[in-house]
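Everything below concerns the one structure shown next.
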Amino acid sequence: MISDFKAGAKICQSVLLRVQRVGTSSNGAPFARGLAEDNSGKIPFITFEAGIVEKMREMDGPSPVMVSGSVDINKFSGEMALQLVIKKLSDIVPEDDISNLLPEGDFDHEAYKDKFDRLIKSVLTPGLRLVLDNVFEGAVYEQFLRNPAGMRLHHAYIGLLQHSVDVAVLAIAMAESIGGVDKDLIVAGALLHDVGKLREISASMGFPYTTEGRLLGHISMSAAIVQEAAAKARVTGPKLQQLLHIILSHGEPEKGSPVACATKEAFIVHYADELDAVMNQFKKTDNKNPWEYNKMLQRFLMSNV
């Protein structure tokens with residue numbers, strides 16, 4: 001497992017490769033670099049093997065492969081970080097164990113399913129409940145249980161269920177403290193705010209973005225899914241408009257939302273979403289140095305020890 005890698009170790013295992021750059025070094029030798037991942041963590045890799053570099057040129061998105069090489073300290077890193085030097089690479093064959101490549105997240109899936117069901121049942125406004133029931137049914141619900149909430153930045157594992165539930169729980173806590181808000185709207189908005197990620201991010205190996213996802217983005221697709229469900233249930237009116245506003249504004253314009261938050265409920269869901277994404281950056285570690293640079297927040301964070 002990548003989390004167990006130590007400097008000087010020789011490794012041979014399945015990993016998920018994300019090739020970030022293929023080029024030529026100052027001495028004319030080809031090289032490729034990127035990230036190697038499994039469900040325990042990730043490590044930068046580099047290779048100078050011409051055959052491997054050429055193969056990496058042809059990789060289209062995250063690719064599961066078998067690699068052999070060594071772990072050393074990247075002398076160009078100011079933090080003396082580890083890197084994987086790949087010497088051999090081969091395709092995955094049926095007998096290879098790749099169960100370590102699909103991150104599932106460290107949470108109780110059954111407990112979260114129960115929380116999700118209770119949250120749905122807590123929504124008593126008929127139109128909002130009908131929309132929720134029509135969205136989360138059949139194959140869509142099954143996909144919701146196994147989709148990631150992100151490709152890399154937050155909940156980049158089978159965690160859309162966890163993220164949606166946690167956002168709803170945080171939003172409810174804020175709503176109860178603030179008062180004077182529509183909790184049914186808040187719960188519905190929290191559970192539906194990222195449902196477009198079912199179309200934006202594939203649940204297949206490496207969680208690649210879909211073509212539709214790259215073209216439209218999950219915010220607009222979330223709104224479209226809700227509108228489709230509302231049309232099916234013949235739900236119209238101000239409550240639907242306010243629900244769509246929560247969805248369309250939850251990232252704020254600087255992150256791609258088409259409108260800015262303009263209601264109490266929209267602000268509450270937006271900040272609950274932001275807070276849950278931030279809290280997801282904190283990781284447990286056994287390292288002597290608990291500080292780790294976080295790319296999403298662009299600062300060092302102190303991990304849980």
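Every chain in the structure tokens takes a letter, A first, then B, and so on in the order presented; its residues are numbered from 1, and the ligands are numbered from 1 following the presented order.
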Next on the checklist: Can you pull out the residues contacting Asp60 in chain A? Cut-off 10 Å, using only C-alpha atoms, and skip same-chain residues under 2 positions away; I want them as a VMD selection string.
Outcome noted: chain A and resid 18 to 19 56 to 58 62 to 63 208
Compile the contact shell of Glu265 in chain A as a short mmCIF file (atom, residue, chain, number, x, y, z; two decimals) with N, CA and C atoms, in the first residue's frame: residues with an atom at most 10 Å away, counting only C-alpha atoms, same-chain residues fewer than 5 positions apart removed.
```cif
data_model
loop_
_atom_site.label_atom_id
_atom_site.label_comp_id
_atom_site.auth_asym_id
_atom_site.auth_seq_id
_atom_site.Cartn_x
_atom_site.Cartn_y
_atom_site.Cartn_z
N ALA A 171 -26.24 21.70 7.78
CA ALA A 171 -27.19 22.74 7.43
C ALA A 171 -28.35 22.79 8.42
N MET A 174 -27.22 24.55 11.58
CA MET A 174 -27.19 26.01 11.39
C MET A 174 -28.61 26.58 11.35
N ALA A 175 -29.52 25.87 10.68
CA ALA A 175 -30.90 26.34 10.55
C ALA A 175 -31.56 26.44 11.92
N GLY A 180 -36.06 30.95 11.76
CA GLY A 180 -36.73 31.72 10.72
C GLY A 180 -36.44 31.26 9.32
N VAL A 181 -36.16 29.95 9.15
CA VAL A 181 -35.84 29.41 7.83
C VAL A 181 -36.71 28.19 7.56
N ASP A 182 -36.75 27.79 6.30
CA ASP A 182 -37.52 26.62 5.87
C ASP A 182 -36.61 25.40 5.88
N LYS A 183 -36.74 24.56 6.92
CA LYS A 183 -35.84 23.42 7.06
C LYS A 183 -36.09 22.37 5.97
N ASP A 184 -37.31 22.24 5.49
CA ASP A 184 -37.57 21.29 4.41
C ASP A 184 -36.80 21.70 3.15
N LEU A 185 -36.79 22.99 2.85
CA LEU A 185 -36.03 23.48 1.70
C LEU A 185 -34.54 23.22 1.89
N ILE A 186 -34.07 23.43 3.10
CA ILE A 186 -32.65 23.24 3.39
C ILE A 186 -32.25 21.78 3.24
N VAL A 187 -33.03 20.87 3.79
CA VAL A 187 -32.71 19.44 3.67
C VAL A 187 -32.76 19.00 2.21
N GLY A 189 -32.43 20.86 -0.47
CA GLY A 189 -31.32 21.49 -1.20
C GLY A 189 -29.99 20.82 -0.90
N ALA A 190 -29.77 20.46 0.37
CA ALA A 190 -28.52 19.81 0.74
C ALA A 190 -28.39 18.44 0.10
N GLN A 242 -37.23 28.18 -5.30
CA GLN A 242 -36.27 28.37 -4.21
C GLN A 242 -35.32 27.19 -4.08
N LEU A 243 -35.82 25.99 -4.33
CA LEU A 243 -34.95 24.80 -4.31
C LEU A 243 -33.91 24.89 -5.43
N HIS A 245 -32.83 27.57 -6.77
CA HIS A 245 -31.89 28.65 -6.42
C HIS A 245 -30.79 28.13 -5.49
N ILE A 246 -31.15 27.32 -4.51
CA ILE A 246 -30.15 26.73 -3.61
C ILE A 246 -29.12 25.95 -4.41
N HIS A 270 -24.94 26.55 1.18
CA HIS A 270 -23.63 26.88 0.60
C HIS A 270 -22.52 26.75 1.64
#
```
Next on the checklist: Quick check for you: according to DSSP on this backbone, which residues of range 46-163 of chain A are classed as helix (DSSP H, G or I)? Reply as a PyMOL selection string.
Outcome noted: chain A and resi 50-57+99-101+109-122+126-135+138-146+160-163
Next on the checklist: Excluding range 30-37 of chain A and its own-chain neighbours fewer than 3 positions away, which residues fall within 7 Å of it when counting only C-alpha atoms? Please give them as number ranges by chain.
Outcome noted: A: 15-25, 41-48, 50, 53
Item to check | Point-to-point distance from CA of Glu200 in chain A to CA of His218 in chain A, Å rounded to tenths | outcome: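 We find that CA of Glu200 in chain A and CA of His218 in chain A lie 5.6 Å from each other.
Distances here use only C-alpha atoms; by that measure, the residue among A:Leu170, A:Leu297, A:Phe107, A:Ala29 closest to Phe282 in chain A is A:Leu297.
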Item to check | Nearest candidate to Ala149 in chain A (options A:Cys12, A:Ile92, A:Leu198, A:Val67; using only C-alpha atoms) | outcome: A:Leu198
Checklist entry - Interatomic distance between CA of Val278 in chain A and CA of Thr210 in chain A? => result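 Answer for the CA of Val278 in chain A to CA of Thr210 in chain A separation: 24.9 Å.
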Item to check | Which of range 42-87 of chain A DSSP labels strand (DSSP E), written as number ranges by chain | outcome: A: 42-47, 63-73, 82-87
Write the selection just made, keeping N, CA, C and O atoms, as a PDB file, in the first residue's frame?
```pdb
ATOM      1  N   LYS A  42      -1.536   8.594  -2.108  1.00  0.00           N
ATOM      2  CA  LYS A  42      -0.949   8.879  -3.420  1.00  0.00           C
ATOM      3  C   LYS A  42       0.504   9.282  -3.242  1.00  0.00           C
ATOM      4  O   LYS A  42       0.925   9.712  -2.166  1.00  0.00           O
ATOM      5  N   ILE A  43       1.283   9.153  -4.318  1.00  0.00           N
ATOM      6  CA  ILE A  43       2.695   9.526  -4.289  1.00  0.00           C
ATOM      7  C   ILE A  43       3.090  10.006  -5.685  1.00  0.00           C
ATOM      8  O   ILE A  43       2.647   9.427  -6.693  1.00  0.00           O
ATOM      9  N   PRO A  44       3.889  11.062  -5.786  1.00  0.00           N
ATOM     10  CA  PRO A  44       4.377  11.473  -7.108  1.00  0.00           C
ATOM     11  C   PRO A  44       5.258  10.382  -7.705  1.00  0.00           C
ATOM     12  O   PRO A  44       5.975   9.684  -6.977  1.00  0.00           O
ATOM     13  N   PHE A  45       5.196  10.214  -9.019  1.00  0.00           N
ATOM     14  CA  PHE A  45       6.085   9.260  -9.684  1.00  0.00           C
ATOM     15  C   PHE A  45       6.863   9.963 -10.784  1.00  0.00           C
ATOM     16  O   PHE A  45       6.460  11.022 -11.294  1.00  0.00           O
ATOM     17  N   ILE A  46       7.972   9.353 -11.152  1.00  0.00           N
ATOM     18  CA  ILE A  46       8.745   9.801 -12.303  1.00  0.00           C
ATOM     19  C   ILE A  46       9.345   8.578 -12.959  1.00  0.00           C
ATOM     20  O   ILE A  46       9.612   7.562 -12.284  1.00  0.00           O
ATOM     21  N   THR A  47       9.513   8.616 -14.265  1.00  0.00           N
ATOM     22  CA  THR A  47      10.183   7.525 -14.978  1.00  0.00           C
ATOM     23  C   THR A  47      11.009   8.110 -16.108  1.00  0.00           C
ATOM     24  O   THR A  47      10.630   9.115 -16.719  1.00  0.00           O
ATOM     25  N   SER A  63      -5.208   5.481 -15.290  1.00  0.00           N
ATOM     26  CA  SER A  63      -5.046   4.129 -15.821  1.00  0.00           C
ATOM     27  C   SER A  63      -4.541   3.171 -14.751  1.00  0.00           C
ATOM     28  O   SER A  63      -3.510   3.431 -14.123  1.00  0.00           O
ATOM     29  N   PRO A  64      -5.253   2.039 -14.529  1.00  0.00           N
ATOM     30  CA  PRO A  64      -4.760   1.026 -13.597  1.00  0.00           C
ATOM     31  C   PRO A  64      -3.669   0.188 -14.261  1.00  0.00           C
ATOM     32  O   PRO A  64      -3.860  -0.325 -15.370  1.00  0.00           O
ATOM     33  N   VAL A  65      -2.522   0.068 -13.611  1.00  0.00           N
ATOM     34  CA  VAL A  65      -1.381  -0.669 -14.160  1.00  0.00           C
ATOM     35  C   VAL A  65      -0.617  -1.351 -13.030  1.00  0.00           C
ATOM     36  O   VAL A  65      -0.804  -1.040 -11.855  1.00  0.00           O
ATOM     37  N   MET A  66       0.261  -2.281 -13.409  1.00  0.00           N
ATOM     38  CA  MET A  66       1.215  -2.866 -12.473  1.00  0.00           C
ATOM     39  C   MET A  66       2.540  -2.150 -12.672  1.00  0.00           C
ATOM     40  O   MET A  66       3.001  -1.993 -13.816  1.00  0.00           O
ATOM     41  N   VAL A  67       3.157  -1.696 -11.582  1.00  0.00           N
ATOM     42  CA  VAL A  67       4.442  -1.008 -11.695  1.00  0.00           C
ATOM     43  C   VAL A  67       5.455  -1.638 -10.759  1.00  0.00           C
ATOM     44  O   VAL A  67       5.110  -2.183  -9.709  1.00  0.00           O
ATOM     45  N   SER A  68       6.711  -1.568 -11.170  1.00  0.00           N
ATOM     46  CA  SER A  68       7.837  -1.973 -10.326  1.00  0.00           C
ATOM     47  C   SER A  68       8.818  -0.819 -10.302  1.00  0.00           C
ATOM     48  O   SER A  68       8.974  -0.089 -11.288  1.00  0.00           O
ATOM     49  N   GLY A  69       9.464  -0.636  -9.178  1.00  0.00           N
ATOM     50  CA  GLY A  69      10.438   0.442  -9.072  1.00  0.00           C
ATOM     51  C   GLY A  69      10.906   0.616  -7.648  1.00  0.00           C
ATOM     52  O   GLY A  69      10.827  -0.309  -6.837  1.00  0.00           O
ATOM     53  N   SER A  70      11.361   1.811  -7.342  1.00  0.00           N
ATOM     54  CA  SER A  70      11.881   2.089  -6.014  1.00  0.00           C
ATOM     55  C   SER A  70      11.339   3.413  -5.498  1.00  0.00           C
ATOM     56  O   SER A  70      10.930   4.285  -6.272  1.00  0.00           O
ATOM     57  N   VAL A  71      11.335   3.538  -4.189  1.00  0.00           N
ATOM     58  CA  VAL A  71      10.885   4.769  -3.541  1.00  0.00           C
ATOM     59  C   VAL A  71      12.119   5.532  -3.083  1.00  0.00           C
ATOM     60  O   VAL A  71      12.991   4.972  -2.410  1.00  0.00           O
ATOM     61  N   ASP A  72      12.221   6.776  -3.482  1.00  0.00           N
ATOM     62  CA  ASP A  72      13.349   7.585  -3.006  1.00  0.00           C
ATOM     63  C   ASP A  72      12.875   8.973  -2.618  1.00  0.00           C
ATOM     64  O   ASP A  72      11.689   9.287  -2.693  1.00  0.00           O
ATOM     65  N   ILE A  73      13.781   9.807  -2.173  1.00  0.00           N
ATOM     66  CA  ILE A  73      13.458  11.172  -1.772  1.00  0.00           C
ATOM     67  C   ILE A  73      13.684  12.097  -2.955  1.00  0.00           C
ATOM     68  O   ILE A  73      14.731  12.059  -3.608  1.00  0.00           O
ATOM     69  N   LEU A  82       8.724  12.005  -0.627  1.00  0.00           N
ATOM     70  CA  LEU A  82       9.003  10.755  -1.321  1.00  0.00           C
ATOM     71  C   LEU A  82       8.468  10.811  -2.746  1.00  0.00           C
ATOM     72  O   LEU A  82       7.519  11.526  -3.057  1.00  0.00           O
ATOM     73  N   GLN A  83       9.116  10.037  -3.619  1.00  0.00           N
ATOM     74  CA  GLN A  83       8.600   9.850  -4.961  1.00  0.00           C
ATOM     75  C   GLN A  83       8.875   8.407  -5.390  1.00  0.00           C
ATOM     76  O   GLN A  83       9.772   7.743  -4.873  1.00  0.00           O
ATOM     77  N   LEU A  84       8.067   7.942  -6.325  1.00  0.00           N
ATOM     78  CA  LEU A  84       8.218   6.595  -6.869  1.00  0.00           C
ATOM     79  C   LEU A  84       8.937   6.689  -8.205  1.00  0.00           C
ATOM     80  O   LEU A  84       8.501   7.420  -9.098  1.00  0.00           O
ATOM     81  N   VAL A  85      10.033   5.965  -8.336  1.00  0.00           N
ATOM     82  CA  VAL A  85      10.770   5.904  -9.597  1.00  0.00           C
ATOM     83  C   VAL A  85      10.376   4.600 -10.288  1.00  0.00           C
ATOM     84  O   VAL A  85      10.716   3.509  -9.822  1.00  0.00           O
ATOM     85  N   ILE A  86       9.638   4.719 -11.382  1.00  0.00           N
ATOM     86  CA  ILE A  86       9.111   3.536 -12.062  1.00  0.00           C
ATOM     87  C   ILE A  86      10.137   2.984 -13.053  1.00  0.00           C
ATOM     88  O   ILE A  86      10.630   3.707 -13.913  1.00  0.00           O
ATOM     89  N   LYS A  87      10.428   1.692 -12.915  1.00  0.00           N
ATOM     90  CA  LYS A  87      11.381   1.003 -13.796  1.00  0.00           C
ATOM     91  C   LYS A  87      10.686   0.064 -14.777  1.00  0.00           C
ATOM     92  O   LYS A  87      11.163  -0.160 -15.886  1.00  0.00           O
TER      93      LYS A  87
END
```
Item to check | Best match for closeness to Ala188 in chain A among A:Pro126, A:Gly237, A:Gly138, A:Pro148, counting only C-alpha atoms | outcome: A:Pro126
Item to check | Spatial neighbours of Gly251 in chain A, max dist 12 Å, only C-alpha atoms, sep filter under 4 positions, as a list in words | outcome: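 Everything that qualifies: His193, Asp194, Gly217, His218, Ile219, Ser220, His245, Ile246, Ile247, Lys255, Gly256, Ser257, Pro258, Val259, Ala260, Cys261, Ala266, Phe267, Ile268, Val269, His270, Tyr271, Ala272, Asp273, Glu274, Leu275 and Ala277 of chain A.
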Checklist entry - For Leu215 in chain A, which of A:Tyr293, A:Arg199, A:Ala229, A:Leu240 is the closest residue, counting only C-alpha atoms? => result A:Arg199
Next on the checklist: Let me make sure I understand: among A:Ser202, A:Ser122, A:Gln298, A:Gln143, which one has the smallest atom-to-atom distance to Val169 in chain A if we use only C-alpha atoms?
Outcome noted: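 Comparing A:Ser202, A:Ser122, A:Gln298, A:Gln143 against Val169 in chain A, the winner is A:Ser122.
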Item to check | 8 Å contact set for Asp133 in chain A, only C-alpha atoms, chain neighbours under 4 positions out, as a VMD selection string | outcome: chain A and resid 120 129 137
